[in-house]
$ cat input_25.txt   # compact mmCIF, C-alpha atoms
# COMPACT_ATOMS: atom_id res chain seq x y z
CA MET P 1 113.66 110.84 111.48
CA ALA P 2 113.50 109.00 108.17
CA VAL P 3 112.16 110.79 105.10
CA GLN P 4 109.76 109.14 102.64
CA MET P 5 111.04 110.19 99.22
CA SER P 6 107.63 110.55 97.56
CA GLU P 7 106.56 112.95 100.31
CA LEU P 8 109.79 114.89 99.96
CA PHE P 9 109.20 115.40 96.24
CA ALA P 10 105.59 116.39 96.90
CA THR P 11 106.65 119.16 99.29
CA GLN P 12 108.61 120.80 96.46
CA ARG P 13 105.80 120.82 93.91
CA GLU P 14 105.09 124.53 94.43
CA SER P 15 108.76 125.38 93.82
CA LEU P 16 110.70 126.11 90.65
CA ARG P 17 113.00 123.10 90.27
CA TYR P 18 115.79 122.22 87.84
CA GLU P 19 118.34 119.49 87.13
CA PRO P 20 121.22 119.57 84.62
CA THR P 21 121.42 116.77 82.07
CA ARG P 22 124.51 115.35 80.39
CA LYS P 23 122.57 114.42 77.25
CA ARG P 24 122.93 116.28 73.98
CA VAL P 25 119.52 117.84 73.36
CA ARG P 26 118.23 118.91 69.94
CA ALA P 27 114.90 120.28 68.72
CA LEU P 28 113.84 120.38 65.05
CA LEU P 29 111.53 122.53 62.97
CA ASP P 30 110.88 121.41 59.37
CA GLY P 31 113.74 118.95 59.70
CA VAL P 32 116.27 121.60 60.74
CA PRO P 33 117.86 121.55 64.22
CA VAL P 34 116.95 124.90 65.77
CA VAL P 35 118.19 123.87 69.22
CA ASP P 36 121.44 121.98 69.78
CA SER P 37 122.82 121.98 73.30
CA ASP P 38 125.10 119.99 75.57
CA ARG P 39 124.21 122.22 78.52
CA ALA P 40 120.46 121.76 78.72
CA VAL P 41 118.65 121.62 82.04
CA LEU P 42 115.35 120.01 82.95
CA VAL P 43 112.96 122.51 84.50
CA TRP P 44 109.84 121.79 86.54
CA GLU P 45 107.85 124.96 86.98
CA PRO P 46 105.62 125.26 90.05
CA ARG P 47 102.76 122.72 90.01
CA ARG P 48 104.07 120.90 86.95
CA VAL P 49 104.70 117.18 87.34
CA VAL P 50 106.76 116.67 84.18
CA PRO P 51 109.78 118.72 83.15
CA GLY P 52 110.52 120.88 80.15
CA TYR P 53 113.86 121.74 78.60
CA ALA P 54 115.73 125.00 79.00
CA VAL P 55 118.91 125.71 77.02
CA PRO P 56 121.37 128.58 76.85
CA ALA P 57 120.17 131.30 74.48
CA GLU P 58 123.34 130.93 72.39
CA HIS P 59 122.41 127.31 71.62
CA ILE P 60 119.30 128.38 69.72
CA ALA P 61 119.83 128.95 65.99
CA ALA P 62 116.83 131.28 65.64
CA ASP P 63 115.63 134.68 66.76
CA ILE P 64 114.34 135.10 70.29
CA VAL P 65 111.77 137.89 70.08
CA ASP P 66 108.75 139.30 71.88
CA PRO P 67 105.48 137.44 71.31
CA PRO P 68 102.79 138.86 69.01
CA PRO P 69 100.59 141.59 70.52
CA ALA P 70 97.89 140.37 72.85
CA GLY P 71 94.71 139.45 71.03
CA SER P 72 96.37 138.54 67.73
CA GLU P 73 96.18 134.82 68.53
CA PRO P 74 94.47 132.61 71.12
CA ASP P 75 96.13 132.55 74.53
CA PRO P 76 95.51 129.30 76.43
CA GLY P 77 96.81 131.01 79.54
CA SER P 78 94.38 133.93 79.38
CA ALA P 79 92.39 135.12 82.36
CA GLU P 80 89.23 133.20 81.55
CA ASP P 81 91.17 129.92 81.63
CA ARG P 82 93.17 130.53 84.79
CA PRO P 83 90.52 129.41 87.31
CA ASP P 84 90.35 125.98 85.71
CA TYR P 85 94.10 125.51 86.05
CA PHE P 86 94.65 127.19 89.38
CA ARG P 87 92.03 125.22 91.28
CA ILE P 88 93.70 121.86 90.55
CA PRO P 89 96.63 120.73 92.71
CA TYR P 90 99.10 120.00 89.92
CA TRP P 91 99.53 120.35 86.19
CA ASP P 92 100.14 117.41 83.88
CA PRO P 93 101.14 117.71 80.18
CA ARG P 94 97.57 118.72 79.24
CA THR P 95 98.12 122.13 80.86
CA PRO P 96 99.28 124.61 78.18
CA PHE P 97 102.86 125.83 78.22
CA ARG P 98 101.76 129.44 78.68
CA VAL P 99 100.08 128.76 82.01
CA ARG P 100 102.58 129.44 84.78
CA GLN P 101 103.36 131.01 88.13
CA THR P 102 107.07 131.57 87.42
CA PRO P 103 108.22 135.21 87.25
CA GLY P 104 109.85 136.04 83.95
CA ARG P 105 109.20 137.13 80.37
CA ALA P 106 107.32 135.33 77.62
CA VAL P 107 109.09 135.27 74.23
CA VAL P 108 108.94 133.25 71.04
CA VAL P 109 111.65 131.43 69.11
CA ARG P 110 111.18 132.43 65.48
CA ALA P 111 112.75 130.47 62.63
CA GLY P 112 111.49 131.66 59.25
CA GLU P 113 107.70 131.34 59.24
CA ARG P 114 107.68 129.14 62.34
CA ALA P 115 107.38 130.43 65.88
CA VAL P 116 107.50 128.46 69.14
CA ASP P 117 106.56 129.74 72.58
CA ALA P 118 109.41 130.17 75.03
CA PHE P 119 110.06 131.77 78.40
CA LEU P 120 112.91 133.61 80.11
CA PRO P 121 112.69 132.91 83.87
CA ASP P 122 113.85 135.61 86.28
CA ASP P 123 115.42 133.09 88.65
CA PRO P 124 119.20 133.71 88.90
CA ASP P 125 119.96 129.97 88.82
CA LEU P 126 118.45 129.90 85.32
CA ALA P 127 120.00 133.13 84.07
CA GLY P 128 120.60 133.07 80.33
CA MET P 129 118.44 129.96 79.88
CA VAL P 130 115.42 129.77 77.57
CA LEU P 131 112.60 127.45 78.58
CA LEU P 132 111.03 125.92 75.47
CA ASP P 133 107.55 124.63 74.63
CA PHE P 134 108.28 120.96 73.97
CA LEU P 135 105.13 120.43 71.90
CA GLY P 136 105.85 123.46 69.72
CA PHE P 137 108.71 121.71 67.92
CA ASP P 138 108.36 118.98 65.31
CA ALA P 139 110.79 116.59 66.99
CA TRP P 140 113.21 116.31 69.90
CA LEU P 141 116.30 114.16 70.25
CA GLU P 142 118.30 113.16 73.30
CA ASP P 143 121.66 112.16 71.86
CA ASP P 144 120.49 110.35 68.68
CA ASP P 145 117.17 109.00 69.99
CA VAL P 146 113.77 110.63 69.48
CA VAL P 147 111.87 111.68 72.62
CA VAL P 148 108.09 112.09 72.51
CA SER P 149 105.47 113.93 74.59
CA HIS P 150 107.89 115.47 77.12
CA PRO P 151 111.44 114.95 78.42
CA HIS P 152 112.01 111.96 80.67
CA ASP P 153 112.10 112.71 84.37
CA PRO P 154 115.36 111.32 85.82
CA PHE P 155 113.51 110.73 89.10
CA ALA P 156 110.65 108.72 87.54
CA ARG P 157 110.48 105.36 85.79
CA ILE P 158 108.24 102.49 84.78
CA ASP P 159 108.65 98.84 85.77
CA ILE P 160 106.68 95.90 84.38
CA ARG P 161 106.21 92.72 86.37
CA GLY P 162 104.24 89.55 85.74
CA SER P 163 101.52 88.52 88.20
CA GLY P 164 99.65 85.26 88.72
CA LYS P 165 97.01 86.92 90.89
CA ARG P 166 93.47 86.79 89.61
CA ILE P 167 92.50 90.21 88.26
CA THR P 168 88.76 90.71 87.74
CA LEU P 169 87.37 93.95 86.32
CA SER P 170 83.65 94.72 86.29
CA LEU P 171 81.63 97.68 85.08
CA ASP P 172 78.05 98.23 86.22
CA GLY P 173 77.90 94.63 87.39
CA GLU P 174 79.20 93.04 84.17
CA VAL P 175 82.57 91.28 84.21
CA VAL P 176 84.69 92.91 81.54
CA ALA P 177 87.95 91.00 82.03
CA ASP P 178 89.19 88.11 84.17
CA SER P 179 92.83 87.06 84.09
CA THR P 180 95.59 85.31 86.01
CA ARG P 181 98.17 86.44 83.42
CA ALA P 182 98.37 90.17 84.05
CA ARG P 183 101.46 92.25 83.47
CA VAL P 184 101.50 94.99 86.10
CA LEU P 185 103.00 98.32 85.06
CA TYR P 186 104.28 100.45 87.92
CA GLU P 187 104.93 104.10 87.14
CA THR P 188 106.38 106.61 89.59
CA GLY P 189 103.68 108.70 91.22
CA LEU P 190 100.76 106.89 89.54
CA SER P 191 98.52 103.95 90.33
CA GLU P 192 99.65 100.58 89.00
CA ARG P 193 98.07 99.44 85.73
CA TYR P 194 96.99 95.92 84.81
CA TYR P 195 97.72 94.93 81.20
CA LEU P 196 95.80 91.79 80.26
CA PRO P 197 95.96 89.36 77.33
CA ARG P 198 93.25 90.14 74.79
CA GLU P 199 91.81 86.65 75.12
CA ASP P 200 91.09 87.33 78.81
CA VAL P 201 88.79 90.24 77.93
CA ARG P 202 85.18 89.04 77.96
CA VAL P 203 83.49 91.85 76.07
CA GLU P 204 83.71 93.27 72.56
CA LEU P 205 86.30 96.01 72.13
CA ARG P 206 85.37 98.50 69.44
CA PRO P 207 88.34 100.43 68.00
CA SER P 208 88.41 104.17 68.60
CA ASP P 209 90.11 106.97 66.67
CA THR P 210 91.57 108.31 69.92
CA ILE P 211 95.32 108.11 70.49
CA THR P 212 97.56 109.45 73.24
CA VAL P 213 101.34 109.63 73.51
CA CYS P 214 103.39 108.79 76.60
CA SER P 215 107.04 109.74 76.87
CA TYR P 216 107.87 106.37 78.46
CA LYS P 217 105.49 103.97 76.72
CA GLY P 218 104.80 105.44 73.28
CA THR P 219 101.54 105.78 71.34
CA ALA P 220 98.39 104.25 72.80
CA THR P 221 95.37 103.29 70.72
CA TYR P 222 91.98 103.25 72.42
CA PHE P 223 88.96 100.97 72.50
CA SER P 224 85.36 101.27 73.64
CA PRO P 225 84.27 98.12 75.49
CA VAL P 226 80.66 97.09 74.88
CA VAL P 227 78.98 96.74 78.28
CA HIS P 228 75.29 95.92 78.71
CA GLY P 229 74.86 96.27 74.96
CA GLY P 230 76.40 99.72 74.55
CA PRO P 231 79.96 101.03 74.01
CA VAL P 232 81.76 102.86 76.84
CA PRO P 233 83.90 105.39 74.92
CA ASP P 234 87.69 105.19 75.19
CA PHE P 235 87.66 103.08 78.35
CA ALA P 236 90.56 100.79 77.37
CA TRP P 237 93.83 101.12 75.52
CA SER P 238 96.78 99.19 74.15
CA TYR P 239 100.35 99.83 73.03
CA LEU P 240 100.74 98.02 69.73
CA ASP P 241 104.30 99.20 69.07
CA PRO P 242 105.59 100.55 72.39
CA LEU P 243 108.88 102.18 73.23
CA VAL P 244 111.61 99.93 74.59
CA ASP P 245 110.72 100.43 78.27
CA ALA P 246 107.15 99.18 77.66
CA LEU P 247 107.82 96.16 75.44
CA GLY P 248 106.50 93.93 78.20
CA VAL P 249 102.91 95.13 77.64
CA THR P 250 102.89 94.98 73.83
CA ASP P 251 99.38 94.41 72.42
CA ARG P 252 97.84 93.89 75.87
CA ILE P 253 94.66 95.63 77.03
CA CYS P 254 94.45 98.00 79.97
CA PHE P 255 91.32 99.56 81.48
CA PHE P 256 90.66 102.67 83.56
CA HIS P 257 90.24 100.62 86.73
CA GLU P 258 89.77 103.79 88.79
CA ARG P 259 86.29 103.93 87.22
CA MET P 260 85.55 100.20 87.55
CA ASP P 261 85.18 97.53 90.20
CA LEU P 262 88.48 95.70 90.62
CA SER P 263 89.02 92.58 92.66
CA ILE P 264 92.33 90.82 93.21
CA ASP P 265 92.11 87.14 94.14
CA GLY P 266 88.46 87.73 94.93
CA VAL P 267 89.07 90.68 97.27
CA PRO P 268 87.38 93.97 96.19
CA GLN P 269 89.83 96.87 95.93
CA PRO P 270 89.19 100.56 96.65
CA ARG P 271 89.14 102.78 93.60
CA PRO P 272 92.34 104.87 93.45
CA TRP P 273 92.23 108.57 92.68
CA THR P 274 94.05 109.49 89.47
CA PRO P 275 93.84 112.39 87.00
CA TRP P 276 91.45 110.14 85.00
CA SER P 277 89.08 109.33 87.87

$ encode --input "input_25.txt" --output "structure tokens"
Amino acid sequence: MAVQMSELFATQRESLRYEPTRKRVRALLDGVPVVDSDRAVLVWEPRRVVPGYAVPAEHIAADIVDPPPAGSEPDPGSAEDRPDYFRIPYWDPRTPFRVRQTPGRAVVVRAGERAVDAFLPDDPDLAGMVLLDFLGFDAWLEDDDVVVSHPHDPFARIDIRGSGKRITLSLDGEVVADSTRARVLYETGLSERYYLPREDVRVELRPSDTITVCSYKGTATYFSPVVHGGPVPDFAWSYLDPLVDALGVTDRICFFHERMDLSIDGVPQPRPWTPWS
């Protein structure tokens, strides 16, 4: 019987997973490389949909010590937070590093006055490896290129394709955008996104201070479309200076279509479920 690959990956989501990488991996604090390894592995802890990096302890140029005593600093993985995390089916990068189901020991990597959360998993396949909080470091490099947000998943990708189909987006009965010049961005495991030319957006877009960072696309700036006379906060975004994989959607506008009415060539589409629904 044939196996659908997406279903196969989904069945392993509750497992601790890892994959070696041939890239040289470095992490910096205050401009100094604290981690420098050619034997890093990508680690997906149970429920997590993006990987983190683990490296051999000897490839860390800092002290690996016990964390501060409980109560001396906020713990995003404390008991009062656990129900919020453990009642959702999977954890995206918004879930704090300290939240986990993996047996092991929490530690910190301490370099001078700086300390970064880390973890020593009990699993024998990861013996001697230190799992590191990606966001705790100032910068990461794979070979000589900077990586943002989280490591790239070797089993995920984005593809951008042009489409002449008519894409119409409406919110509360008002047409927000109408275009036959969409660029469709396909991303593994997520709903497709429609990036439209700005001139095909029919409503005012008020700039927002909100930004987000994607490991594959770069830094997104947000807009609040004005619908029925009032702004809808942070309902659209654009990549003004994207990473190389997303150059095809530069300066285009994308909307949260999972919260809108979308029609394609005049045919209404069901709203997909996403983490932003």

$ residues_around --input "input_25.txt" --residues "range 13-15 of chain P" --least-positions-apart "5" --cutoff "9 Å" --atoms "only C-alpha atoms" --output "list in words"
Trp44, Glu45, Pro46, Arg47, Arg48, Val49 and Tyr90 of chain P

$ axis_aligned_box --input "input_25.txt" --around "range 55-60 of chain P" --padding-each-side "8 Å" --output "lines of an AutoDock Vina configuration file"
center_x = 121.1
center_y = 128.5
center_z = 73.4
size_x = 20.4
size_y = 21.6
size_z = 23.3

$ residues_around --input "input_25.txt" --residues "Gly248 in chain P" --least-positions-apart "6" --cutoff "10 Å" --atoms "only C-alpha atoms" --output "PyMOL selection string"
chain P and resi 159-162+183-185+195+239+242

$ atom_distance --input "input_25.txt" --atom1 "CA of Arg22 in chain P" --atom2 "CA of Asp92 in chain P"
24.7 Å

$ residues_around --input "input_25.txt" --residues "Val146 in chain P" --least-positions-apart "4" --cutoff "12 Å" --atoms "only C-alpha atoms" --output "ChimeraX atom specification"
/P:24-28,138-142,150-152,215-216,218,243
